[in-house]
Amino acid sequence: MNKLLEIKDLHVNVGEKEILKGLNLTINKGETHVIMGPNGAGKSTLANVVLNNPEYKKTKGTVEFEGKDISNLATNKIAKKGIFMSFQSPQEIPGISTMNFLKVAKNKVTGKPVRIFEFKKEVQEYMEELNVNSKLIDRNLNVGFSGGEKKKNEILQMLVLNPKLAILDETDSGLDVDAVRTVSKGINLYKSNENSVLIITHNMKILSELKVDYVHVLVDGKIVKKGTAELVKDIEKNGFTKYKQIDK
Amino acid sequence: MKTKVENINRNIYDIKNKDNYEFKMEKGLSKKIVEEISKQKGDPDWMREIRLKALETYEKLELPTWGPDLSALKMDNIATYVKPKTNLNSSWEDVPEDIKNTFDKLGIPEAEKKSLAGVGAQYDSEVVYHSMKKELLEQGVIYTDMETAVREYPEIVKEHFMKCVPINDHKFVALHAAVWSGGSFVYVPKGVKLDIPLQSYFRLNSPESGQFEHTLIIVDEGASLHFIEGCSAPKYNKVNLHAGCVELYVKDGAYLRYSTIENWSKNMMNLNTKKAIVGKDAQIDWVTGSFGSRVSMLYPMSILNGDNAKTEYTGITFAGKGQNLDTGFKVIHNGKNTSALVNSKSISKDGGSCTYRALVRVNDRAKGAKCSVSCESLMLDDISRSDTIPVNDIRTDEVTFSHEAKIGKISDKEIFYLMSRGLSEEDAKAMIVRGFAYPISKELPVEYAVEMNNLINLELEGSIG
Amino acid sequence: MSIKVNETPVRTSRNFSINNIKLDFDIPDQIGSFENIECEAFNESKTRSLATDAKSYIAKDLDFKSPISENVKTKKITYGNGKLLEENVFKKANSKIRIETEKEEIKIKYEFDDENLELVNQIEIIGNKDANIIIEYESRTENPCFHNGIIKTIAKKDCKLNIAIVNLLNDKSVNFEAIENELYENSKVKYTIIDLGGKTSISNYYSNILGEKADNDLKTIYLGKDNEIKDLNYIAELRGKNSKIDIDVQGALDGNCKKNFKGTIDFKKGCKKAKGNENEFCLLLSDKAKSIALPMLLCTEDDVEGNHSTASGKVDAKSLFYIMSRGLSYKEAVKLIVKSNFNKIIERIKDNEVKEEILKEINRRLN
């Protein structure tokens, strides 16, 4: 087994409130996982806590990556280990161009100097694939980007940084059909047998063009059901209601 | 503990030359001293009278009852005039070795070759180098030291000297007028547009002394100029004083951009005054980076007299340990349809204190005036201080005025986002701070923008190391 | 006599002439009695028989025949309107009221008439339980009235207070009001100041927000005309963690009126995660009116959020055109716009009768 991410009995608080209540999840190399669940189930919390966002406090349980405990690592060290998170609402950082930022991030994640000419070429190729406005790269990071541009920029960063595990936190939310298709295209471009994806969504559209291995239903801080891609169809038809009841 | 990086970089500014002067005035201030300065400088009678009158005004005026504590400043301990061992030169070859080395390390002669139309360099109380490209001379541009201007263009100087900034404006203006020495004089004739900048650099080497340079710039009708001012000093344990005065006349249809990178050492009391009178359809833009000084009180002012006159102010202040930087911008709208755009940023850390103190006055004649002010303050820790004290004085109804200010720390969400892309917390903060300062650094010439980023890195590394 | 009042907590350049306001004014030496004070419960509530109930508990401290409650402390206040006016209150007050709130809804109305032209008063509000309090000053005379008062409010833990001060004095009057609040843990104080009356109206408002999660919300409207002077000096000091201040001031100036608004939010050491917002908007209805604003943010704590904004300008031409296209005259349209700016703030007052009076006064003043 090529175990990449393993989460055991994870409990997480935001402020005083417990959001994750004993979550278990294992992702192996090469797999595509989907987490679905109603609003407020703890989906985004899961993404943030893997990257050790200090706003989220782990009270119990472990997060391992490639067999090593990463639950207390600083976020940048986790990024260096090869985990990427696509943000639900990416931050706007004024005063730094997107291109410069990509360069810095690539350098930090790989620990190697970036060869500018080749790097720019690579970035441009990805931008064409993602149908990203070429001017975007010179604008300040996410500043004044439309919702779609921000999400495409997240996928662009994923492709450029080429992580071992990409966690996509509702990357498809708020996007029109074409943009969702572009995001799927980006994921397919990135995906190989050597890496894995965890897609967090409550939308089925994005999944139609992806090869999904496992689907997990997250309700009230716990995975209540694990299945294959077939599960998506069931949820599409019947919603989360019956899973909510499983929990009770 | 400071990091090694900081020590190496700081050295550029901290080279102390031997206090090797030809003449250093005895410390303190008196009629005798002012008369002696006047004699040393060979003032004409009218200038000597201005000095003596200013001294009387100085004695009458009180210290400000507001703003930073100035009690560390003891005029009795300040030498108001220090003449270096050289005269004014027009070739760097002729500048004495130790002084030339200082300016070399600050990159002045190099910048002159690459990107400037003219350079003036002042060392302590006197300008030691002044030079301008020949073509400009042929177009009638005058760029020289103030003393030469007093001698050679007395009529122009008389008409403008201490007229934009009145001698009784405040105590340190009066002091300046009594003991002023050095500085630059620029005249750009009608219609002449300079496409590369002129730059004056001010260096104060002598301990327990003051620098009182006077800058007088007249940009005549339809002309345009970019003027850069840089300043620095090595650090001493005793207090130094800088009370310069900048008077700018931007005539009808003219344009002036005035950029400053202020990096005085942290024993400097920087009590500087800058004002501009702006004519019809004319524009003045200020770009200011304030990094140095122990105490700074500096509020450049645009007086928009002509209809349609414009001004922009873009400023950043960065206060670290032991620094109290009280800066801001003043604008007076007198003409119709005048407009002002103000963008101020400040960063406080390590117990440093930043104050944005400002005035917007729209007088009743200024129908159709527009003014928009934005202030942002960043607090990097909980031992520092950041205040915003803006006065907005609106005396007419046909005005569009807005003022916005924000205070806070770097957002945790932004830090997390950048860290998720592999940046360490320190790198993430530094990137956000540089981004915060970018709207100002982008307005500076490239070398200065680089210098400013280095200064920011230096300051941040200081707090991390 | 010339007096200087309403000092800002931090001085700035004297040339800006905003550190204080100089008035040529004689503080009356002899203060008569003030008899016209009405206290009543104002909301129809099912559980309490109101008029009697409210009176009965105020009566604990307030006897109208000797209207000075001995329990009101004469303790110096932190800012206020200067020493002379403060002494005037402490030595010569002709009305002192102390209210210990117990889920009450009270209206105190001071009615000025020819027999009652000078009011020097002190009100102490001790917030034990939630309460709604309206304090109203109204002239029923054409003669100049003088009011100088201090209102001290203490909001104890978890207490929610909703206080409104309504100044409807006539155009010849002089009004001084100094308000000081202390807010303790988890308390919430909603203050509404309707500052319409007086040829001179000077108000000082100081809130010491001490407790964790204490929350103070201050909203003000002012309306000046002719040669009137309005001087508003608002100071909020945030000390408690997660504490909050929100200041919103909406005004309009006509004629030669001059208004100074000085608003200070001071983030004191220890107020981690505190939030402060300050917003002032001044509509200029005449080209002779003067609007001066000094919105200060002072900060010695890093983990805070502070914002302020001020704006001044004419009535928006597009709105005017739109409203006039519906058949309203210019004057009516301006009135409508001014009132629409004020409305949200007036709505905070929970007594319909007082609301009516306020709207009537706004209409009168805009004529």
# chains A, B, ... in the order shown; residues from 1 in each chain; ligands from 1
>>> interface_residues(of="chain A", to="chain B", cutoff="9 Å", atoms="only C-alpha atoms", output="PyMOL selection string")
chain A and resi 51-55+74-80+83-85+87+90-96+102+104-110+140+157+161
>>> closest_atom_pairs(of="chain C", to="chain B", cutoff="9 Å", atoms="only C-alpha atoms", output="Markdown table")
| residue | atom | partner | partner_atom | distance |
| --- | --- | --- | --- | --- |
| C:Val10 | CA | B:Trp66 | CA | 7.7 |
| C:Arg11 | CA | B:Trp66 | CA | 5.3 |
| C:Thr12 | CA | B:Trp66 | CA | 5.2 |
| C:Ser13 | CA | B:Trp66 | CA | 6.4 |
| C:Arg14 | CA | B:Thr65 | CA | 8.1 |
| C:Phe16 | CA | B:Val391 | CA | 7.2 |
| C:Ile18 | CA | B:Val391 | CA | 8.0 |
| C:Lys258 | CA | B:Arg395 | CA | 8.9 |
| C:Asn260 | CA | B:Asp393 | CA | 8.8 |
| C:Lys262 | CA | B:Val391 | CA | 8.9 |
| C:Thr264 | CA | B:Ile389 | CA | 9.0 |
| C:Asp266 | CA | B:Asp387 | CA | 8.8 |
| C:Lys269 | CA | B:Asp382 | CA | 7.6 |
| C:Gly270 | CA | B:Asp382 | CA | 8.6 |
| C:Leu283 | CA | B:Asp397 | CA | 8.1 |
| C:Leu284 | CA | B:Asp397 | CA | 5.1 |
| C:Leu285 | CA | B:Asp397 | CA | 6.7 |
| C:Ser286 | CA | B:Asp397 | CA | 5.9 |
| C:Asp287 | CA | B:Thr396 | CA | 4.6 |
| C:Lys288 | CA | B:Thr396 | CA | 6.0 |
| C:Ala289 | CA | B:Arg395 | CA | 6.1 |
| C:Lys290 | CA | B:Arg395 | CA | 4.4 |
| C:Ser291 | CA | B:Ile394 | CA | 5.0 |
| C:Ile292 | CA | B:Asp393 | CA | 4.2 |
| C:Ala293 | CA | B:Asn392 | CA | 5.0 |
| C:Leu294 | CA | B:Val391 | CA | 4.5 |
| C:Pro295 | CA | B:Pro390 | CA | 6.4 |
| C:Met296 | CA | B:Ile389 | CA | 4.8 |
| C:Leu297 | CA | B:Thr388 | CA | 5.0 |
| C:Leu298 | CA | B:Asp387 | CA | 4.2 |
| C:Cys299 | CA | B:Ser386 | CA | 5.1 |
| C:Thr300 | CA | B:Arg385 | CA | 4.5 |
| C:Glu301 | CA | B:Asp382 | CA | 4.6 |
| C:Asp302 | CA | B:Asp382 | CA | 4.7 |
| C:Asp303 | CA | B:Lys409 | CA | 5.8 |
| C:Val304 | CA | B:Gly408 | CA | 5.3 |
| C:Glu305 | CA | B:Gly408 | CA | 4.9 |
| C:Gly306 | CA | B:Ile407 | CA | 4.8 |
| C:Asn307 | CA | B:Lys406 | CA | 4.5 |
| C:His308 | CA | B:Ala405 | CA | 5.2 |
| C:Ser309 | CA | B:Glu404 | CA | 4.3 |
| C:Thr310 | CA | B:His403 | CA | 5.1 |
| C:Ala311 | CA | B:Ser402 | CA | 4.3 |
| C:Ser312 | CA | B:Phe401 | CA | 5.4 |
| C:Gly313 | CA | B:Val399 | CA | 5.3 |
| C:Lys314 | CA | B:Asp397 | CA | 5.4 |
| C:Val315 | CA | B:Asp397 | CA | 8.9 |
>>> residues_around(residues="Asp130 (chain C)", least_positions_apart="4", cutoff="12 Å", atoms="only C-alpha atoms", output="VMD selection string")
chain C and resid 100 to 106 125 to 126 154 to 163 187 to 190
>>> write_last_selection(atoms="C-alpha atoms", output="CSV table (one decimal), in the first residue's frame")
chain,number,residue,atom,x,y,z
C,100,GLU,CA,-30.9,52.0,39.0
C,101,THR,CA,-32.4,50.1,36.1
C,102,GLU,CA,-34.7,47.2,36.6
C,103,LYS,CA,-36.0,46.3,33.2
C,104,GLU,CA,-37.7,49.7,32.8
C,105,GLU,CA,-38.6,51.9,30.0
C,106,ILE,CA,-38.4,55.5,31.2
C,125,ILE,CA,-27.7,55.6,35.4
C,126,ILE,CA,-26.7,52.4,37.0
C,154,ILE,CA,-22.5,52.5,34.3
C,155,ALA,CA,-23.4,49.3,32.5
C,156,LYS,CA,-22.8,46.4,34.7
C,157,LYS,CA,-22.0,42.8,33.5
C,158,ASP,CA,-24.4,41.6,30.8
C,159,CYS,CA,-26.6,44.7,31.1
C,160,LYS,CA,-28.1,46.1,27.9
C,161,LEU,CA,-29.0,49.8,27.9
C,162,ASN,CA,-30.6,51.8,25.3
C,163,ILE,CA,-30.3,55.5,26.0
C,187,SER,CA,-22.6,44.8,28.5
C,188,LYS,CA,-24.1,46.6,25.6
C,189,VAL,CA,-24.9,50.3,25.5
C,190,LYS,CA,-26.7,51.8,22.6
>>> select_by_dssp(residues="region 96-322 of chain B", states="helix (DSSP H, G or I)", output="VMD selection string")
chain B and resid 97 to 105 108 to 115 134 to 138 146 to 152 154 to 160 171 to 179
>>> residues_around(residues="Ser38 (chain B)", least_positions_apart="6", cutoff="12 Å", atoms="only C-alpha atoms", output="list in words")
Met25, Lys31, Lys32, Pro44, Asp45, Trp46, Met47, Arg48, Glu49, Ile50, Arg51, Leu52, Thr80, Tyr81, Glu147, Ala177, Ala178, Val179, Trp180 and Ser181 of chain B
>>> write_last_selection(atoms="N, CA and C atoms", output="compact mmCIF listing (two decimals), in the first residue's frame")
# COMPACT_ATOMS: atom_id res chain seq x y z
N MET B 25 31.30 75.78 13.96
CA MET B 25 30.79 76.86 14.82
C MET B 25 30.68 76.36 16.25
N LYS B 31 23.00 85.81 18.74
CA LYS B 31 23.12 86.80 17.68
C LYS B 31 24.54 86.77 17.11
N LYS B 32 25.50 86.60 18.00
CA LYS B 32 26.91 86.56 17.58
C LYS B 32 27.13 85.40 16.61
N PRO B 44 24.89 88.91 1.37
CA PRO B 44 24.55 90.33 1.15
C PRO B 44 23.75 90.85 2.35
N ASP B 45 23.62 92.15 2.45
CA ASP B 45 22.96 92.75 3.62
C ASP B 45 21.54 92.21 3.81
N TRP B 46 20.80 92.14 2.71
CA TRP B 46 19.38 91.74 2.84
C TRP B 46 19.26 90.34 3.46
N MET B 47 20.21 89.47 3.11
CA MET B 47 20.14 88.12 3.68
C MET B 47 20.51 88.13 5.15
N ARG B 48 21.52 88.99 5.51
CA ARG B 48 21.90 89.05 6.92
C ARG B 48 20.71 89.56 7.75
N GLU B 49 19.98 90.52 7.17
CA GLU B 49 18.82 91.05 7.89
C GLU B 49 17.74 89.97 8.10
N ILE B 50 17.53 89.19 7.05
CA ILE B 50 16.56 88.09 7.20
C ILE B 50 16.98 87.18 8.35
N ARG B 51 18.26 86.86 8.39
CA ARG B 51 18.75 85.94 9.44
C ARG B 51 18.50 86.53 10.84
N LEU B 52 18.83 87.79 10.98
CA LEU B 52 18.72 88.38 12.33
C LEU B 52 17.25 88.52 12.74
N THR B 80 25.60 74.83 14.73
CA THR B 80 24.68 75.11 13.63
C THR B 80 25.40 75.19 12.29
N TYR B 81 26.72 75.28 12.31
CA TYR B 81 27.42 75.43 11.05
C TYR B 81 28.74 74.67 11.07
N GLU B 147 23.87 79.09 -2.07
CA GLU B 147 24.77 80.25 -1.90
C GLU B 147 25.07 80.91 -3.23
N ALA B 177 15.76 79.78 9.08
CA ALA B 177 16.03 81.02 8.35
C ALA B 177 17.20 81.78 8.96
N ALA B 178 17.43 81.60 10.26
CA ALA B 178 18.53 82.29 10.92
C ALA B 178 19.88 81.65 10.58
N VAL B 179 19.91 80.35 10.45
CA VAL B 179 21.22 79.68 10.32
C VAL B 179 21.36 78.85 9.05
N TRP B 180 20.46 79.01 8.09
CA TRP B 180 20.46 78.14 6.93
C TRP B 180 21.83 78.15 6.23
N SER B 181 22.13 76.98 5.64
CA SER B 181 23.37 76.86 4.88
C SER B 181 23.24 75.70 3.90
>>> atom_distance(atom1="CA of Leu218 (chain A)", atom2="CA of Ala166 (chain A)")
18.6 Å
>>> closest_residue(among="B:Asp307, B:Ser259, B:Leu225, B:Ala366", to="Ala449 (chain B)", atoms="only C-alpha atoms")
B:Ser259
>>> residues_around(residues="region 230-246 of chain C", least_positions_apart="2", cutoff="8 Å", atoms="only C-alpha atoms", output="MDAnalysis selection string")
chainID C and resid 6:9 21 185 200:218 224 228 248 257:278
>>> atom_distance(atom1="CA of Val49 (chain A)", atom2="CA of Lys429 (chain B)")
21.1 Å
>>> select_by_dssp(residues="region 129-247 of chain C", states="strand (DSSP E or B)", output="MDAnalysis selection string")
chainID C and resid 131:139 146:155 160:168 174:183 188:195 200:209 215:224 229:238 244:247
>>> atom_distance(atom1="CA of Ser115 (chain B)", atom2="CA of Met452 (chain B)")
17.4 Å
